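All remarks here apply to the structure that follows.
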Amino acid sequence: MAEVTEDGVRQALSKVRTPEGVPLSASPALSGIVVTNGKVYLSINVDAAQARAWEGVRIAAEDTVKALPGVASALVALTAERRAAAAAPSPAPAGGGGKAIDVPGVNAIIAVASGKGGVGKSTLSINLALGLRDLGLKVGLLDADIYGPSVPRLAGVHAKPEVIDGRTMLPLDNFGLQLMSIGFMVEEDTPMIWRGPMVMSALSQMLREVKWGPLDILVVDMPPGTGDAQLTMAQQVKLAGAVIVSTPQDLALIDARRGIAMFQRVNVPLLGVVENMSTFICPHCGGRSDIFGHGGAREEAAKLGVPFLGEVPLHMRIREMSDAGIPVLVSDPQSPQAETYREIARGVRASLERSAAGARKAPRIVIE
């Protein structure tokens with residue numbers, strides 16, 4: 001198989017013309033090319049006002065790169081950023097103000113987020129999705145963690161999405177969930193050496209260019225942290241609410257506060273807080289040990305006036321089944337651990353209903 005190089009990709013892109021008639025390879029809009037094991041990723045960065053004119057360039061660039069010998073797959077990210085003004089504007093409210101990404105076929109989108117990595121957010125995300133499924137809802141799960149996609153392993157799915165009409169992807173399906181992840185398109189050990197704009201463009205494509213639905217709820221497993229990608233996602237997607245995941249110790253709670261503050265800043269309703277790895281249950285004697293402390297997330301939720309959704313123990317069975325790609329709600333649906341996740345799902349649904357009811361109770365203006 002022919003070796004794919006950055007120089008070879010750049011040379012091929014010289015045949016693609018920008019709206020001004022300049023070869024794309026010579027345009028300053030071409031901001032990054034990454035070649036990894038025959039997979040090519042590149043970013044085109046333009047002003048938001050020019051985005052529509054450049055969409056055809058993005059498609060042509062992607063088709064050109066895919067046609068190169070040795071290219072297994074190609075993803076071209078078109079990033080449209082507004083030029084900075086003299087003073088930064090306040091964040092637009094969620095679902096209003098700025099131009100939010102529209103996701104046809106999805107009734108509500110909820111984010112599962114954490115202030116830091118390593119707190120079990122992805123395991124919570126897939127089991128929450130399954131818990132909502134058990135409540136009779138049609139549910140999808142989007143793995144938005146570009147740098148560390150976990151859904152392919154957690155769901156036991158390693159196929160590539162089918163593409164229809166040249167650009168729209170069909171979500172994969174397992175356990176009655178619609179699934180999408182960048183991990184379906186790259187090898188598990190491939191590093192994603194992407195800048196923030198490339199990440200946001202990829203997320204936008206996985207929302208807009210996937211044939212979702214009909215879904216009652218799309219659960220989004222967010223990247224950990226509260227950086228630019230997370231804030232932009234919260235601002236540009238019409239989120240019905242967010243679930244914050246934390247472990248009980250003080251260090252994790254500090255980061256959880258940042259996550260809560262971020263969603264409050266962009267007016268995304270907080271559906272609740274989950275304490276993960278709340279206590280360790282010994283598989284031999286059934287005894288419990290509070291390795292990371294206990295109850296910290298519950299206390300933090302009460303302090304901030306945010307619903308507390310429940311405690312998930314650090315249990316061997318949850319870890320084993322997650323690694324095996326058979327989540328505990330599928331492998332042990334009658335277990336206490338599965339019921340814990342279903343109880344969290346019931347709490348999320350109740351919070352969504354309260355939030356929707358509050359939004360409907362707009363003040364009535366009476367003119368006398």
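Going by the structure tokens order, chains are called A, B, ..., each with residues numbered from 1, while ligands are numbered from 1 in the order shown.
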
- Task: May I have the residues within 10 Å of A:Met169 as a ChimeraX atom specification, using only C-alpha atoms and disregarding those fewer than 2 positions away in the same chain?
- Result: /A:160-167,171-172,180,205-206,208-212

With a distance cut-off of 12 Å and only C-alpha atoms, select the neighbouring residues of A:Gln230, excluding the residue or stretch itself and same-chain residues fewer than 4 positions from it, and output the selection as a tab-separated table (two decimals) with C-alpha atoms, in the first residue's frame.
chain	number	residue	atom	x	y	z
A	111	ALA	CA	-24.85	16.56	28.52
A	112	VAL	CA	-23.01	14.32	30.99
A	113	ALA	CA	-19.98	16.28	32.16
A	114	SER	CA	-17.22	16.35	34.74
A	115	GLY	CA	-14.75	18.97	35.82
A	116	LYS	CA	-11.89	16.48	35.38
A	144	ALA	CA	-18.09	13.81	22.35
A	145	ASP	CA	-14.77	12.97	24.03
A	146	ILE	CA	-12.62	13.28	20.91
A	196	GLY	CA	-9.66	23.02	19.58
A	197	PRO	CA	-11.23	24.27	16.32
A	199	VAL	CA	-12.46	19.20	17.71
A	200	MET	CA	-15.45	21.54	17.57
A	203	LEU	CA	-18.42	17.42	17.05
A	220	VAL	CA	-23.82	13.48	25.09
A	221	ASP	CA	-20.74	12.12	26.88
A	222	MET	CA	-18.83	15.42	27.09
A	223	PRO	CA	-15.04	15.83	27.11
A	224	PRO	CA	-13.75	16.19	30.68
A	225	GLY	CA	-12.86	19.65	31.96
A	226	THR	CA	-14.16	23.17	31.36
A	234	ALA	CA	-22.51	24.20	25.78
A	235	GLN	CA	-23.13	27.47	23.93
A	236	GLN	CA	-23.72	26.13	20.42
A	237	VAL	CA	-25.89	23.07	21.16
A	242	ALA	CA	-26.58	18.79	32.14
A	258	ARG	CA	-16.19	24.58	37.90
A	259	GLY	CA	-18.36	22.38	35.67
A	262	MET	CA	-19.76	26.76	33.42
A	263	PHE	CA	-23.27	25.46	32.66
A	266	VAL	CA	-24.44	29.73	29.68

Contacts of A:Val139 at 8 Å or less, counting only C-alpha atoms, minus same-chain residues fewer than 2 places along, as an mmCIF file with C-alpha atoms, in the first residue's frame?
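For reference, around34.cif as written:
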data_model
loop_
_atom_site.group_PDB
_atom_site.id
_atom_site.type_symbol
_atom_site.label_atom_id
_atom_site.label_comp_id
_atom_site.auth_asym_id
_atom_site.auth_seq_id
_atom_site.Cartn_x
_atom_site.Cartn_y
_atom_site.Cartn_z
ATOM 1 C CA ALA A 129 -28.690 6.075 28.481
ATOM 2 C CA LEU A 130 -29.683 2.455 29.144
ATOM 3 C CA LEU A 132 -33.583 6.043 30.192
ATOM 4 C CA ARG A 133 -34.177 3.303 27.612
ATOM 5 C CA LEU A 137 -37.685 6.324 25.941
ATOM 6 C CA LEU A 141 -25.518 8.278 22.914
ATOM 7 C CA GLY A 176 -31.445 -0.495 21.730
ATOM 8 C CA LEU A 177 -29.311 2.668 21.698
ATOM 9 C CA GLN A 178 -28.236 4.734 18.690
ATOM 10 C CA LEU A 215 -35.079 10.091 19.626
ATOM 11 C CA ASP A 216 -36.643 11.321 22.840
ATOM 12 C CA ILE A 217 -33.214 12.005 24.346
ATOM 13 C CA LEU A 218 -29.659 12.188 23.019
ATOM 14 C CA VAL A 219 -27.128 11.727 25.826
#

- Quick one: distance from atom CA of A:Asn276 to atom CA of A:Val312 in Å, one decimal?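 Atom-to-atom, atom CA of A:Asn276 and atom CA of A:Val312 are spaced 4.8 Å apart.
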
- What are the DSSP alpha helix (DSSP H) residues of stretch 177-338 of chain A, as a PyMOL selection string? chain A and resi 196-208+228-236+250-265+296-304+316-324+328-331+336-338

- Selected residue, from A:Gly21, A:Pro69, A:Gly241, A:Pro152, that lies nearest to A:Ala356 when counting only C-alpha atoms: A:Gly241

- Message: One number please: atom CA of A:Gly8 to atom CA of A:Ala77, in Å, one decimal.
- Response: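 A separation of 18.7 Å between them.
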
- Message: Taking 3 positions as the minimum chain separation for residues in the same chain, which residues sit within 6 Å of stretch 30-47 of chain A when counting only C-alpha atoms? Answer as a list in words.
- Response: Val4, Ser27, Gln50, Gly70, Val71, Ala72, Ser73, Ala74, Leu75, Val76, Ala77, Leu78, Thr79, Ala80, Glu81, Arg82 and Met198 of chain A

Emit the selected residues as a short mmCIF file (atom, residue, chain, number, x, y, z; two decimals), in the first residue's frame, including C-alpha atoms.
data_model
loop_
_atom_site.label_atom_id
_atom_site.label_comp_id
_atom_site.auth_asym_id
_atom_site.auth_seq_id
_atom_site.Cartn_x
_atom_site.Cartn_y
_atom_site.Cartn_z
CA VAL A 4 0.49 8.69 2.69
CA SER A 27 -4.38 29.39 1.37
CA GLN A 50 -17.62 32.94 4.84
CA GLY A 70 -3.16 4.53 0.67
CA VAL A 71 -5.76 6.74 2.36
CA ALA A 72 -8.03 4.65 4.55
CA SER A 73 -10.22 7.55 5.67
CA ALA A 74 -10.28 11.34 5.66
CA LEU A 75 -11.99 13.96 7.77
CA VAL A 76 -11.89 17.64 6.84
CA ALA A 77 -13.04 20.02 9.58
CA LEU A 78 -14.41 23.41 8.55
CA THR A 79 -14.10 25.79 11.48
CA ALA A 80 -15.95 29.09 11.21
CA GLU A 81 -14.95 31.53 13.93
CA ARG A 82 -16.17 35.06 14.46
CA MET A 198 -10.81 20.84 14.69
#

- Taking into account only C-alpha atoms, which residue in the set A:Ala301, A:Ala67, A:Leu314, A:Leu124 is nearest to A:Ala12?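 Smallest separation from A:Ala12 among the options: A:Ala67.
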
- Task: One decimal, Å: what's the distance from atom CA of A:Arg346 over to atom CA of A:Asp323, could you say?
- Result: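 One can read the atom CA of A:Arg346 to atom CA of A:Asp323 distance as 25.4 Å.
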
- Item | Which of A:Thr279, A:Ala155, A:Pro327, A:Pro269 sits closest to A:Gly305 [using only C-alpha atoms] |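 Residue with the minimum atom-to-atom distance to A:Gly305: A:Pro269.
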
- Query: Please, which residues of stretch 29-159 of chain A, numbered as in this document, come out strand (DSSP E) from DSSP, as a PyMOL selection string?
  - Reply: chain A and resi 30-36+39-47+73-81+106-113+139-143

Keeping only C-alpha atoms, write the selected residues to a file as a PDB file, in the first residue's frame.
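Contents of part36.pdb, freshly written:
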ATOM      1  CA  LEU A  30      -5.547  25.531   5.665  1.00  0.00           C
ATOM      2  CA  SER A  31      -4.457  25.416   9.289  1.00  0.00           C
ATOM      3  CA  GLY A  32      -3.426  21.847   9.975  1.00  0.00           C
ATOM      4  CA  ILE A  33      -2.799  18.425   8.387  1.00  0.00           C
ATOM      5  CA  VAL A  34      -2.382  15.253  10.442  1.00  0.00           C
ATOM      6  CA  VAL A  35      -1.562  11.876   8.847  1.00  0.00           C
ATOM      7  CA  THR A  36      -1.745   8.755  11.039  1.00  0.00           C
ATOM      8  CA  LYS A  39      -5.962   8.269   8.141  1.00  0.00           C
ATOM      9  CA  VAL A  40      -5.902  11.956   7.247  1.00  0.00           C
ATOM     10  CA  TYR A  41      -7.336  14.830   9.275  1.00  0.00           C
ATOM     11  CA  LEU A  42      -7.118  18.464   8.293  1.00  0.00           C
ATOM     12  CA  SER A  43      -8.667  21.744   9.319  1.00  0.00           C
ATOM     13  CA  ILE A  44      -9.884  24.730   7.272  1.00  0.00           C
ATOM     14  CA  ASN A  45     -10.293  27.834   9.400  1.00  0.00           C
ATOM     15  CA  VAL A  46     -12.367  30.732   8.013  1.00  0.00           C
ATOM     16  CA  ASP A  47     -14.446  33.635   9.286  1.00  0.00           C
ATOM     17  CA  SER A  73     -10.223   7.546   5.673  1.00  0.00           C
ATOM     18  CA  ALA A  74     -10.276  11.341   5.656  1.00  0.00           C
ATOM     19  CA  LEU A  75     -11.990  13.957   7.768  1.00  0.00           C
ATOM     20  CA  VAL A  76     -11.890  17.643   6.836  1.00  0.00           C
ATOM     21  CA  ALA A  77     -13.040  20.019   9.577  1.00  0.00           C
ATOM     22  CA  LEU A  78     -14.406  23.412   8.550  1.00  0.00           C
ATOM     23  CA  THR A  79     -14.096  25.795  11.482  1.00  0.00           C
ATOM     24  CA  ALA A  80     -15.953  29.087  11.207  1.00  0.00           C
ATOM     25  CA  GLU A  81     -14.950  31.532  13.931  1.00  0.00           C
ATOM     26  CA  VAL A 106     -33.857  14.634  18.480  1.00  0.00           C
ATOM     27  CA  ASN A 107     -36.371  15.957  20.998  1.00  0.00           C
ATOM     28  CA  ALA A 108     -33.924  16.782  23.818  1.00  0.00           C
ATOM     29  CA  ILE A 109     -30.139  16.746  24.257  1.00  0.00           C
ATOM     30  CA  ILE A 110     -28.541  16.322  27.680  1.00  0.00           C
ATOM     31  CA  ALA A 111     -24.850  16.556  28.524  1.00  0.00           C
ATOM     32  CA  VAL A 112     -23.011  14.323  30.990  1.00  0.00           C
ATOM     33  CA  ALA A 113     -19.985  16.282  32.159  1.00  0.00           C
ATOM     34  CA  VAL A 139     -32.310   7.128  23.372  1.00  0.00           C
ATOM     35  CA  GLY A 140     -29.056   7.874  21.549  1.00  0.00           C
ATOM     36  CA  LEU A 141     -25.518   8.278  22.914  1.00  0.00           C
ATOM     37  CA  LEU A 142     -22.952  10.620  21.353  1.00  0.00           C
ATOM     38  CA  ASP A 143     -19.342  10.211  22.479  1.00  0.00           C
TER      39      ASP A 143
END
